[in-house]
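For reference, coords17.cif is printed below; it contains mmCIF, C-alpha atoms.
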```cif
data_entry
#
loop_
_atom_site.label_atom_id
_atom_site.label_comp_id
_atom_site.auth_asym_id
_atom_site.auth_seq_id
_atom_site.Cartn_x
_atom_site.Cartn_y
_atom_site.Cartn_z
CA MET A 1162 23.85 31.68 -33.60
CA ALA A 1163 20.43 30.11 -34.23
CA GLU A 1164 20.06 26.46 -33.35
CA ALA A 1165 19.66 24.14 -36.35
CA PRO A 1166 16.24 22.47 -36.67
CA ASP A 1167 17.82 19.00 -36.79
CA ASP A 1168 19.78 19.71 -33.61
CA ILE A 1169 16.61 20.79 -31.83
CA ALA A 1170 14.67 17.74 -33.02
CA HIS A 1171 17.33 15.24 -31.97
CA MET A 1172 17.88 16.97 -28.62
CA ARG A 1173 14.13 16.83 -27.95
CA SER A 1174 14.34 13.09 -28.51
CA ALA A 1175 17.24 12.86 -26.06
CA LEU A 1176 15.30 14.89 -23.48
CA ALA A 1177 12.28 12.60 -23.87
CA LEU A 1178 14.55 9.66 -23.07
CA ALA A 1179 15.95 11.47 -20.03
CA ARG A 1180 12.45 12.19 -18.68
CA ARG A 1181 11.65 8.50 -19.01
CA GLY A 1182 14.41 7.62 -16.57
CA LEU A 1183 13.43 10.07 -13.82
CA GLY A 1184 13.02 8.32 -10.50
CA SER A 1185 15.09 5.26 -11.41
CA THR A 1186 18.67 6.44 -11.94
CA TRP A 1187 19.63 8.00 -8.60
CA PRO A 1188 22.23 8.79 -7.38
CA ASN A 1189 23.11 9.60 -11.00
CA PRO A 1190 21.11 12.01 -13.13
CA SER A 1191 18.83 10.67 -15.83
CA VAL A 1192 20.55 11.46 -19.13
CA GLY A 1193 19.32 10.86 -22.67
CA CYS A 1194 21.66 10.23 -25.62
CA VAL A 1195 20.93 9.99 -29.36
CA VAL A 1196 23.55 9.06 -31.99
CA VAL A 1197 22.94 10.27 -35.57
CA ASN A 1198 24.93 9.38 -38.68
CA GLY A 1199 24.04 10.47 -42.19
CA GLY A 1200 20.78 11.97 -40.96
CA ARG A 1201 19.64 8.67 -39.43
CA VAL A 1202 19.36 7.76 -35.77
CA VAL A 1203 21.69 4.80 -35.25
CA GLY A 1204 21.67 4.59 -31.46
CA ARG A 1205 19.79 5.89 -28.46
CA ALA A 1206 19.73 5.21 -24.74
CA VAL A 1207 18.88 6.57 -21.31
CA THR A 1208 20.85 6.11 -18.09
CA ALA A 1209 20.07 2.61 -16.82
CA PRO A 1210 18.15 1.94 -13.59
CA GLY A 1211 20.47 2.43 -10.65
CA GLY A 1212 22.63 4.81 -12.67
CA ARG A 1213 24.75 2.36 -14.67
CA PRO A 1214 25.58 2.11 -17.48
CA HIS A 1215 25.48 5.76 -18.44
CA ALA A 1216 23.50 6.82 -21.50
CA GLU A 1217 26.46 7.58 -23.79
CA PRO A 1218 28.22 4.17 -23.78
CA ALA A 1219 24.85 2.43 -23.96
CA ALA A 1220 23.84 4.43 -27.05
CA LEU A 1221 27.26 3.95 -28.65
CA GLU A 1222 26.97 0.19 -28.14
CA VAL A 1223 23.66 0.23 -30.03
CA ALA A 1224 25.24 2.28 -32.82
CA GLY A 1225 28.26 -0.03 -33.13
CA PRO A 1226 30.60 0.88 -36.04
CA ARG A 1227 28.06 3.46 -37.25
CA ALA A 1228 29.13 5.69 -34.34
CA ARG A 1229 32.35 6.62 -36.18
CA GLY A 1230 31.89 10.06 -37.71
CA ALA A 1231 28.48 10.46 -36.07
CA THR A 1232 26.93 13.36 -34.16
CA THR A 1233 25.97 12.51 -30.59
CA TYR A 1234 23.27 14.45 -28.75
CA VAL A 1235 23.41 14.29 -24.97
CA THR A 1236 21.27 16.15 -22.42
CA LEU A 1237 24.08 16.59 -19.86
CA GLU A 1238 27.78 17.13 -20.36
CA PRO A 1239 29.56 13.75 -20.56
CA CYS A 1240 31.54 12.83 -17.45
CA CYS A 1241 35.34 12.87 -17.66
CA HIS A 1242 36.28 11.17 -14.40
CA TRP A 1243 36.46 7.61 -13.19
CA GLY A 1244 33.70 6.48 -10.85
CA ARG A 1245 31.96 3.14 -10.92
CA THR A 1246 32.19 3.36 -14.71
CA PRO A 1247 34.88 4.71 -17.09
CA PRO A 1248 34.58 8.33 -18.31
CA CYS A 1249 31.94 8.84 -20.99
CA THR A 1250 34.27 11.25 -22.78
CA ASP A 1251 36.70 8.37 -23.32
CA ALA A 1252 33.93 6.25 -24.84
CA LEU A 1253 33.01 9.02 -27.29
CA ILE A 1254 36.63 9.64 -28.24
CA SER A 1255 37.50 5.96 -28.68
CA VAL A 1256 34.70 5.24 -31.17
CA GLY A 1257 35.54 8.31 -33.24
CA VAL A 1258 32.41 10.45 -33.10
CA ALA A 1259 32.82 13.67 -35.09
CA ARG A 1260 30.57 16.01 -33.12
CA VAL A 1261 28.90 16.16 -29.71
CA VAL A 1262 25.91 18.41 -29.03
CA ILE A 1263 25.31 19.07 -25.32
CA ALA A 1264 22.21 20.64 -23.81
CA THR A 1265 23.68 21.75 -20.47
CA ARG A 1266 26.85 21.45 -18.42
CA ASP A 1267 27.28 19.02 -15.54
CA PRO A 1268 27.53 21.08 -12.30
CA ASP A 1269 29.63 18.38 -10.62
CA PRO A 1270 32.99 20.12 -9.95
CA ARG A 1271 34.78 17.05 -11.32
CA VAL A 1272 33.17 17.83 -14.70
CA ASP A 1273 31.70 21.35 -15.16
CA GLY A 1274 33.31 22.11 -18.51
CA ALA A 1275 36.19 19.65 -18.20
CA GLY A 1276 34.26 17.06 -20.21
CA ILE A 1277 33.78 19.54 -23.03
CA ALA A 1278 37.44 20.51 -22.89
CA ARG A 1279 38.56 16.88 -23.15
CA LEU A 1280 36.36 16.27 -26.18
CA ARG A 1281 37.65 19.38 -27.94
CA ALA A 1282 41.25 18.47 -27.14
CA ALA A 1283 40.61 15.17 -28.96
CA GLY A 1284 39.52 17.06 -32.09
CA ILE A 1285 35.76 16.56 -31.62
CA LEU A 1286 33.49 19.46 -32.51
CA VAL A 1287 31.37 20.39 -29.50
CA ASP A 1288 28.28 22.59 -29.45
CA GLU A 1289 26.50 23.32 -26.19
CA GLY A 1290 23.37 25.05 -24.96
CA VAL A 1291 20.83 23.43 -27.29
CA LEU A 1292 17.53 23.41 -25.30
CA ARG A 1293 19.47 24.26 -22.14
CA ALA A 1294 16.41 25.44 -20.17
CA GLU A 1295 14.58 22.16 -20.79
CA ALA A 1296 17.65 20.14 -19.88
CA ASP A 1297 18.14 22.12 -16.66
CA GLU A 1298 14.54 21.34 -15.72
CA VAL A 1299 15.07 17.61 -16.28
CA ALA A 1300 18.29 17.68 -14.26
CA ALA A 1301 16.95 20.04 -11.56
CA GLY A 1302 17.07 17.44 -8.77
CA PHE A 1303 20.63 16.42 -9.58
CA ARG A 1304 21.67 20.07 -9.84
CA LEU A 1305 20.17 20.85 -6.42
CA ARG A 1306 21.93 17.89 -4.83
CA VAL A 1307 25.29 18.96 -6.28
CA LEU A 1308 24.97 22.71 -5.81
CA LYS A 1309 22.89 23.00 -2.62
CA GLY A 1310 23.30 19.63 -0.97
CA ARG A 1311 19.63 18.69 -0.95
CA PRO A 1312 17.14 16.95 -3.24
CA LEU A 1313 14.36 18.66 -5.15
CA VAL A 1314 11.12 18.57 -3.14
CA THR A 1315 7.67 18.27 -4.68
CA LEU A 1316 4.75 18.71 -2.29
CA LYS A 1317 1.74 16.67 -3.40
CA LEU A 1318 -1.64 17.63 -1.96
CA ALA A 1319 -5.10 16.20 -2.62
CA SER A 1320 -7.83 18.35 -1.14
CA THR A 1321 -11.25 19.90 -1.44
CA LEU A 1322 -11.70 23.32 -2.99
CA ASP A 1323 -11.27 24.89 0.45
CA GLY A 1324 -7.98 23.07 1.04
CA ARG A 1325 -9.18 20.29 3.37
CA ILE A 1326 -7.76 16.77 3.39
CA ALA A 1327 -9.99 14.98 5.91
CA THR A 1328 -13.27 15.51 7.72
CA ARG A 1329 -13.26 16.53 11.38
CA THR A 1330 -13.59 12.81 12.25
CA GLY A 1331 -10.51 11.96 10.16
CA GLU A 1332 -12.21 10.38 7.11
CA SER A 1333 -10.11 11.01 3.99
CA ARG A 1334 -10.56 8.13 1.50
CA TRP A 1335 -11.21 9.13 -1.12
CA ILE A 1336 -11.40 12.87 -1.78
CA THR A 1337 -10.33 12.63 -5.43
CA GLY A 1338 -11.48 10.19 -8.11
CA ASP A 1339 -9.84 7.31 -9.98
CA ALA A 1340 -8.21 9.43 -12.69
CA ALA A 1341 -6.55 11.71 -10.13
CA ARG A 1342 -5.29 8.74 -8.13
CA ARG A 1343 -3.75 7.19 -11.25
CA ALA A 1344 -2.01 10.48 -11.96
CA ALA A 1345 -0.75 10.53 -8.37
CA HIS A 1346 0.76 7.06 -8.84
CA ALA A 1347 2.47 8.25 -12.03
CA LEU A 1348 3.84 11.18 -10.06
CA ARG A 1349 5.33 8.74 -7.54
CA GLY A 1350 6.91 6.85 -10.40
CA ARG A 1351 8.85 9.94 -11.52
CA HIS A 1352 10.46 10.47 -8.11
CA ASP A 1353 13.25 8.65 -6.32
CA ALA A 1354 11.33 8.56 -3.05
CA VAL A 1355 7.98 9.33 -1.41
CA MET A 1356 8.00 10.85 2.07
CA VAL A 1357 5.30 11.19 4.74
CA GLY A 1358 5.21 12.15 8.37
CA VAL A 1359 4.49 9.66 11.12
CA GLY A 1360 1.04 11.19 11.62
CA THR A 1361 0.05 10.05 8.12
CA VAL A 1362 1.36 6.56 8.87
CA LEU A 1363 -0.68 6.35 12.08
CA ALA A 1364 -3.83 7.71 10.44
CA ASP A 1365 -3.78 5.98 7.03
CA ASP A 1366 -1.25 3.10 7.14
CA PRO A 1367 -0.25 3.83 3.49
CA GLU A 1368 1.71 1.66 1.05
CA LEU A 1369 3.33 4.53 -0.88
CA THR A 1370 4.03 2.35 -3.91
CA CYS A 1371 3.64 3.14 -7.60
CA ARG A 1372 0.76 0.82 -8.47
CA LEU A 1373 0.92 1.20 -12.25
CA PRO A 1374 2.10 -2.14 -13.70
CA GLY A 1375 5.32 -1.76 -15.67
CA TYR A 1376 5.60 1.98 -15.03
CA ARG A 1377 9.05 1.89 -13.40
CA PRO A 1378 11.76 -0.77 -13.14
CA LEU A 1379 12.69 -0.16 -9.49
CA PRO A 1380 10.47 0.26 -6.42
CA VAL A 1381 10.19 3.77 -5.05
CA VAL A 1382 11.95 4.46 -1.74
CA ARG A 1383 9.40 5.08 1.06
CA ILE A 1384 10.49 7.54 3.76
CA ILE A 1385 8.86 8.19 7.14
CA ALA A 1386 9.75 11.31 9.11
CA ASP A 1387 9.38 9.93 12.63
CA SER A 1388 11.44 11.79 15.20
CA HIS A 1389 10.61 9.48 18.13
CA LEU A 1390 10.02 6.13 16.38
CA ARG A 1391 6.26 6.10 16.92
CA THR A 1392 5.64 4.03 13.78
CA PRO A 1393 4.17 0.61 14.70
CA LEU A 1394 6.29 -2.39 13.77
CA THR A 1395 3.12 -3.75 12.15
CA ALA A 1396 2.71 -0.76 9.80
CA THR A 1397 2.48 -1.66 6.11
CA LEU A 1398 5.59 0.37 5.26
CA VAL A 1399 7.58 -1.60 7.82
CA ALA A 1400 6.09 -5.02 7.05
CA THR A 1401 6.87 -4.62 3.32
CA SER A 1402 10.39 -3.22 3.70
CA GLN A 1403 11.84 -6.35 2.06
CA GLN A 1404 9.76 -5.76 -1.09
CA ALA A 1405 10.30 -2.00 -1.34
CA PRO A 1406 12.88 0.01 0.59
CA THR A 1407 11.65 1.84 3.69
CA TRP A 1408 13.76 4.54 5.31
CA MET A 1409 13.03 6.35 8.56
CA LEU A 1410 14.30 9.78 9.57
CA ILE A 1411 14.73 9.77 13.34
CA ARG A 1412 16.21 12.00 16.00
CA LYS A 1413 19.53 11.10 17.54
CA GLY A 1414 19.17 9.25 20.82
CA CYS A 1415 16.02 7.25 20.04
CA ASP A 1416 15.33 4.12 22.06
CA ARG A 1417 18.01 1.53 21.29
CA ASP A 1418 15.72 -1.51 21.44
CA ARG A 1419 13.19 0.00 19.03
CA ARG A 1420 16.00 1.00 16.69
CA ARG A 1421 17.27 -2.57 16.68
CA ALA A 1422 13.77 -3.94 16.04
CA PHE A 1423 13.31 -1.76 12.94
CA SER A 1424 16.80 -2.51 11.66
CA ASP A 1425 16.26 -6.25 12.06
CA ILE A 1426 13.14 -6.03 9.89
CA GLY A 1427 15.09 -4.26 7.15
CA VAL A 1428 14.21 -0.60 7.69
CA ARG A 1429 17.04 1.85 7.08
CA LEU A 1430 17.33 4.36 9.95
CA ILE A 1431 18.82 7.78 9.27
CA GLU A 1432 19.66 9.93 12.30
CA VAL A 1433 19.28 13.70 11.99
CA GLN A 1434 19.21 16.64 14.36
CA GLY A 1435 15.96 17.36 16.11
CA ALA A 1436 14.08 20.65 16.08
CA GLU A 1437 11.85 22.25 18.69
CA THR A 1438 9.11 19.94 17.45
CA GLY A 1439 10.01 16.94 15.32
CA LEU A 1440 13.01 16.94 13.02
CA ASP A 1441 15.23 19.61 11.56
CA VAL A 1442 13.92 19.40 7.98
CA CYS A 1443 17.02 21.09 6.55
CA ALA A 1444 19.23 18.45 8.16
CA ALA A 1445 16.84 15.72 7.03
CA LEU A 1446 17.06 16.78 3.38
CA ARG A 1447 20.84 17.04 3.57
CA ALA A 1448 20.97 13.49 4.90
CA LEU A 1449 18.72 12.24 2.09
CA ALA A 1450 20.88 13.97 -0.51
CA ALA A 1451 23.98 12.38 1.04
CA ALA A 1452 22.22 9.03 0.60
CA GLY A 1453 21.93 9.78 -3.13
CA LEU A 1454 18.33 10.97 -3.54
CA THR A 1455 17.65 13.73 -6.07
CA HIS A 1456 13.82 13.94 -6.29
CA ILE A 1457 11.47 13.51 -3.31
CA LEU A 1458 7.69 13.58 -3.40
CA VAL A 1459 6.18 14.65 -0.07
CA GLU A 1460 2.63 13.37 0.37
CA GLY A 1461 1.83 14.54 3.89
CA GLY A 1462 0.86 15.20 6.42
CA ALA A 1463 -0.11 18.76 7.10
CA GLN A 1464 2.59 19.29 9.74
CA LEU A 1465 5.41 18.03 7.51
CA ALA A 1466 4.12 20.24 4.69
CA ALA A 1467 4.11 23.23 7.04
CA SER A 1468 7.66 22.51 8.24
CA LEU A 1469 9.00 22.37 4.68
CA LEU A 1470 7.15 25.51 3.61
CA ARG A 1471 8.31 27.37 6.71
CA ALA A 1472 11.90 26.47 5.85
CA ASP A 1473 11.39 27.47 2.18
CA LEU A 1474 12.27 23.97 1.00
CA VAL A 1475 9.35 23.24 -1.33
CA ASP A 1476 10.38 23.53 -4.99
CA ARG A 1477 7.22 22.29 -6.70
CA ILE A 1478 3.61 21.72 -5.75
CA ALA A 1479 1.26 19.20 -7.37
CA TRP A 1480 -2.20 20.05 -6.02
CA PHE A 1481 -5.14 17.80 -6.83
CA HIS A 1482 -8.43 19.62 -6.19
CA ALA A 1483 -11.76 17.83 -5.93
CA PRO A 1484 -14.94 19.88 -6.59
CA THR A 1485 -16.13 19.56 -3.00
CA VAL A 1486 -16.15 21.65 0.18
CA MET A 1487 -15.72 20.40 3.78
CA GLY A 1488 -15.66 23.56 5.86
CA GLY A 1489 -13.51 24.99 8.61
CA ASP A 1490 -13.85 22.12 11.06
CA ALA A 1491 -12.12 19.72 8.65
CA TRP A 1492 -8.37 19.03 8.57
CA PRO A 1493 -6.31 21.56 6.53
CA ALA A 1494 -3.81 20.49 3.86
CA VAL A 1495 -1.12 22.56 5.60
CA GLN A 1496 -0.90 23.34 9.30
CA ALA A 1497 -0.09 26.81 10.58
CA PHE A 1498 3.53 27.84 10.13
CA GLY A 1499 3.64 31.39 11.39
CA VAL A 1500 2.98 33.67 8.41
CA GLU A 1501 2.15 37.13 9.77
CA HIS A 1502 2.62 39.27 6.66
CA LEU A 1503 1.72 38.71 3.01
CA ALA A 1504 5.32 39.34 1.98
CA ALA A 1505 6.40 36.29 4.02
CA MET A 1506 4.22 33.83 2.10
CA PRO A 1507 6.01 31.28 -0.08
CA ARG A 1508 5.17 32.17 -3.68
CA PHE A 1509 4.93 29.87 -6.70
CA ALA A 1510 4.25 30.22 -10.41
CA ARG A 1511 1.53 28.10 -12.03
CA VAL A 1512 3.04 26.01 -14.83
CA GLY A 1513 0.27 23.55 -15.67
CA GLU A 1514 -3.31 22.54 -15.16
CA THR A 1515 -4.82 19.19 -16.10
CA LEU A 1516 -8.43 18.01 -15.94
CA LEU A 1517 -8.72 14.52 -14.43
CA GLY A 1518 -12.38 13.57 -14.56
CA ASP A 1519 -14.11 15.95 -12.16
CA ASP A 1520 -10.81 16.82 -10.46
CA VAL A 1521 -8.07 19.27 -11.43
CA LEU A 1522 -4.30 18.91 -11.05
CA SER A 1523 -2.59 22.30 -10.72
CA GLU A 1524 1.21 22.37 -10.88
CA PHE A 1525 3.39 25.11 -9.46
CA VAL A 1526 7.14 25.83 -9.26
CA ARG A 1527 9.17 28.25 -7.21
CA LYS A 1528 11.01 30.76 -9.33
CA ASP A 1529 14.53 30.15 -8.05
CA VAL A 1530 14.97 26.40 -8.55
CA VAL A 1531 18.56 25.75 -9.63
#
```
Could you render the structure from this file as structure tokens?
Amino acid sequence: MAEAPDDIAHMRSALALARRGLGSTWPNPSVGCVVVNGGRVVGRAVTAPGGRPHAEPAALEVAGPRARGATTYVTLEPCCHWGRTPPCTDALISVGVARVVIATRDPDPRVDGAGIARLRAAGILVDEGVLRAEADEVAAGFRLRVLKGRPLVTLKLASTLDGRIATRTGESRWITGDAARRAAHALRGRHDAVMVGVGTVLADDPELTCRLPGYRPLPVVRIIADSHLRTPLTATLVATSQQAPTWMLIRKGCDRDRRRAFSDIGVRLIEVQGAETGLDVCAALRALAAAGLTHILVEGGAQLAASLLRADLVDRIAWFHAPTVMGGDAWPAVQAFGVEHLAAMPRFARVGETLLGDDVLSEFVRKDVV
């Protein structure tokens, strides 16, 4: 059956709300909800920062008594279990909505159709699948965490046309221009966390903050992959851990005194299995998912990028290209990771291209993201 134009329009509004919350609602998904009565929007909301309250009760509170008999549009199936908040299905039933339109089901096994069944058992008309593909894209990080036990990974690269990120002497600031750097900060703002390897910390001493005033309500989590705790205690990410959370992925068995020093400053240490060199990136992502993260932006360095690509763990690429060339003696965006045959290369589909002054942002996705 064809989707009604009004249903599509209101669901697009709900999806726009959900996109606005990306990066701020973990460990919960960012959900948008729009309440319509008599053809008029009487309530709308997105999942609050930190994941509570959920979008549905917040939108119903805005609607007040006008929620009775209304149609509610929600981007993800309403939850039907008790967590830190009551079930959203109960909120919808108690106020007397007449119809609920759902874009996609919640893959959480505690829900996954049970929310829809509860609403229908209460006599509420339920339609699902309106703009499902768009809703699945918005909820992709949450879906990956639930279904595969890891967050969605976006690899962000800023390079010359020949894929170089620093000169042979290590100079890298700045390859791209102001417009590209603003877009990169906005990209940080749409992710739960930004991750770099210890080599990037030692070379650049980054802040990894979203420096766009008012862009997001909560600071982004900064993550350092540092198997042997080589990060200096004076590094900016460590020194500012009270202002914005800093996590470190370390190998089991690291020096006890250094561990205590980082913990005393306020850095969260997460132990994972080691690999032949560095960390087991699969174990690292599982640990980050267990900590609640759904979307991670990886900004470097070249060795971390290679490790994730080798393990087939990169879901999206945001590649900023500057119209410059450095040559073969400069540092590559990705270190060698053992590709011997063309068939073994990770492959991505181009989904967007944006001009940013003289620079270009190309966006790619893998074809099998959940």
Neighbours of Val1262 of chain A within 9 Å (only C-alpha atoms; same-chain residues fewer than 5 positions away dropped), as a PDB file with C-alpha atoms, in the coordinates of the input?
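After the write, part-v5.pdb holds the following:
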```pdb
ATOM      1  CA  ASP A1168      19.780  19.710 -33.610  1.00  0.00           C
ATOM      2  CA  MET A1172      17.880  16.970 -28.620  1.00  0.00           C
ATOM      3  CA  THR A1232      26.930  13.360 -34.160  1.00  0.00           C
ATOM      4  CA  THR A1233      25.970  12.510 -30.590  1.00  0.00           C
ATOM      5  CA  TYR A1234      23.270  14.450 -28.750  1.00  0.00           C
ATOM      6  CA  VAL A1235      23.410  14.290 -24.970  1.00  0.00           C
ATOM      7  CA  THR A1236      21.270  16.150 -22.420  1.00  0.00           C
ATOM      8  CA  GLU A1238      27.780  17.130 -20.360  1.00  0.00           C
ATOM      9  CA  LEU A1286      33.490  19.460 -32.510  1.00  0.00           C
ATOM     10  CA  VAL A1287      31.370  20.390 -29.500  1.00  0.00           C
ATOM     11  CA  ASP A1288      28.280  22.590 -29.450  1.00  0.00           C
ATOM     12  CA  GLU A1289      26.500  23.320 -26.190  1.00  0.00           C
ATOM     13  CA  GLY A1290      23.370  25.050 -24.960  1.00  0.00           C
ATOM     14  CA  VAL A1291      20.830  23.430 -27.290  1.00  0.00           C
TER      15      VAL A1291
END
```
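Among the candidates A:Arg1293, A:Ala1327, A:Arg1429, A:Ser1320, the residue lying nearest to Glu1164 of chain A is A:Arg1293 (atoms considered: only C-alpha atoms).
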* Counting all atoms listed in the file, the residue of A:Arg1372, A:Arg1329, A:Arg1180, A:Arg1477 that sits nearest Leu1313 of chain A -> A:Arg1477
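Comparing A:Leu1517, A:Leu1237, A:Ala1445, A:Ala1467 by their smallest distance to Glu1295 of chain A, the closest is A:Leu1237 (using all atoms listed in the file).
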* Mind telling me what the PyMOL selection byres ((chain A and resi 1519) around 7) catches here, as a list in words? ->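 That selection, the PyMOL selection byres ((chain A and resi 1519) around 7), comes back as Ala1483, Pro1484, Leu1517, Gly1518, Asp1520 and Val1521 of chain A.
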Some atoms are absent from segment 1414-1426 of chain A, so rebuild N, CA and C atoms and return them as a JSON list (two decimals), in the frame of the given file.
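And here's out_36.json as it stands now:
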```json
[["chain", "number", "residue", "atom", "x", "y", "z"],
["A", 1414, "GLY", "N", 19.47, 9.62, 19.45],
["A", 1414, "GLY", "CA", 19.17, 9.25, 20.82],
["A", 1414, "GLY", "C", 17.86, 8.50, 21.01],
["A", 1415, "CYS", "N", 17.26, 8.02, 19.90],
["A", 1415, "CYS", "CA", 16.02, 7.25, 20.04],
["A", 1415, "CYS", "C", 16.29, 5.92, 20.77],
["A", 1416, "ASP", "N", 15.24, 5.35, 21.29],
["A", 1416, "ASP", "CA", 15.33, 4.12, 22.06],
["A", 1416, "ASP", "C", 16.10, 3.04, 21.30],
["A", 1417, "ARG", "N", 17.12, 2.48, 21.96],
["A", 1417, "ARG", "CA", 18.01, 1.53, 21.29],
["A", 1417, "ARG", "C", 17.30, 0.24, 20.90],
["A", 1418, "ASP", "N", 16.41, -0.26, 21.75],
["A", 1418, "ASP", "CA", 15.72, -1.51, 21.44],
["A", 1418, "ASP", "C", 14.78, -1.35, 20.26],
["A", 1419, "ARG", "N", 14.07, -0.22, 20.18],
["A", 1419, "ARG", "CA", 13.19, 0.00, 19.03],
["A", 1419, "ARG", "C", 14.01, 0.18, 17.76],
["A", 1420, "ARG", "N", 15.12, 0.88, 17.86],
["A", 1420, "ARG", "CA", 16.00, 1.00, 16.69],
["A", 1420, "ARG", "C", 16.41, -0.37, 16.18],
["A", 1421, "ARG", "N", 16.83, -1.25, 17.09],
["A", 1421, "ARG", "CA", 17.27, -2.57, 16.68],
["A", 1421, "ARG", "C", 16.13, -3.36, 16.04],
["A", 1422, "ALA", "N", 14.92, -3.21, 16.58],
["A", 1422, "ALA", "CA", 13.77, -3.94, 16.04],
["A", 1422, "ALA", "C", 13.49, -3.52, 14.60],
["A", 1423, "PHE", "N", 13.55, -2.23, 14.31],
["A", 1423, "PHE", "CA", 13.31, -1.76, 12.94],
["A", 1423, "PHE", "C", 14.44, -2.19, 12.01],
["A", 1424, "SER", "N", 15.66, -2.10, 12.49],
["A", 1424, "SER", "CA", 16.80, -2.51, 11.66],
["A", 1424, "SER", "C", 16.75, -3.99, 11.32],
["A", 1425, "ASP", "N", 16.35, -4.82, 12.29],
["A", 1425, "ASP", "CA", 16.26, -6.25, 12.06],
["A", 1425, "ASP", "C", 15.22, -6.59, 11.00],
["A", 1426, "ILE", "N", 14.17, -5.80, 10.90],
["A", 1426, "ILE", "CA", 13.14, -6.03, 9.89],
["A", 1426, "ILE", "C", 13.63, -5.64, 8.50]]
```
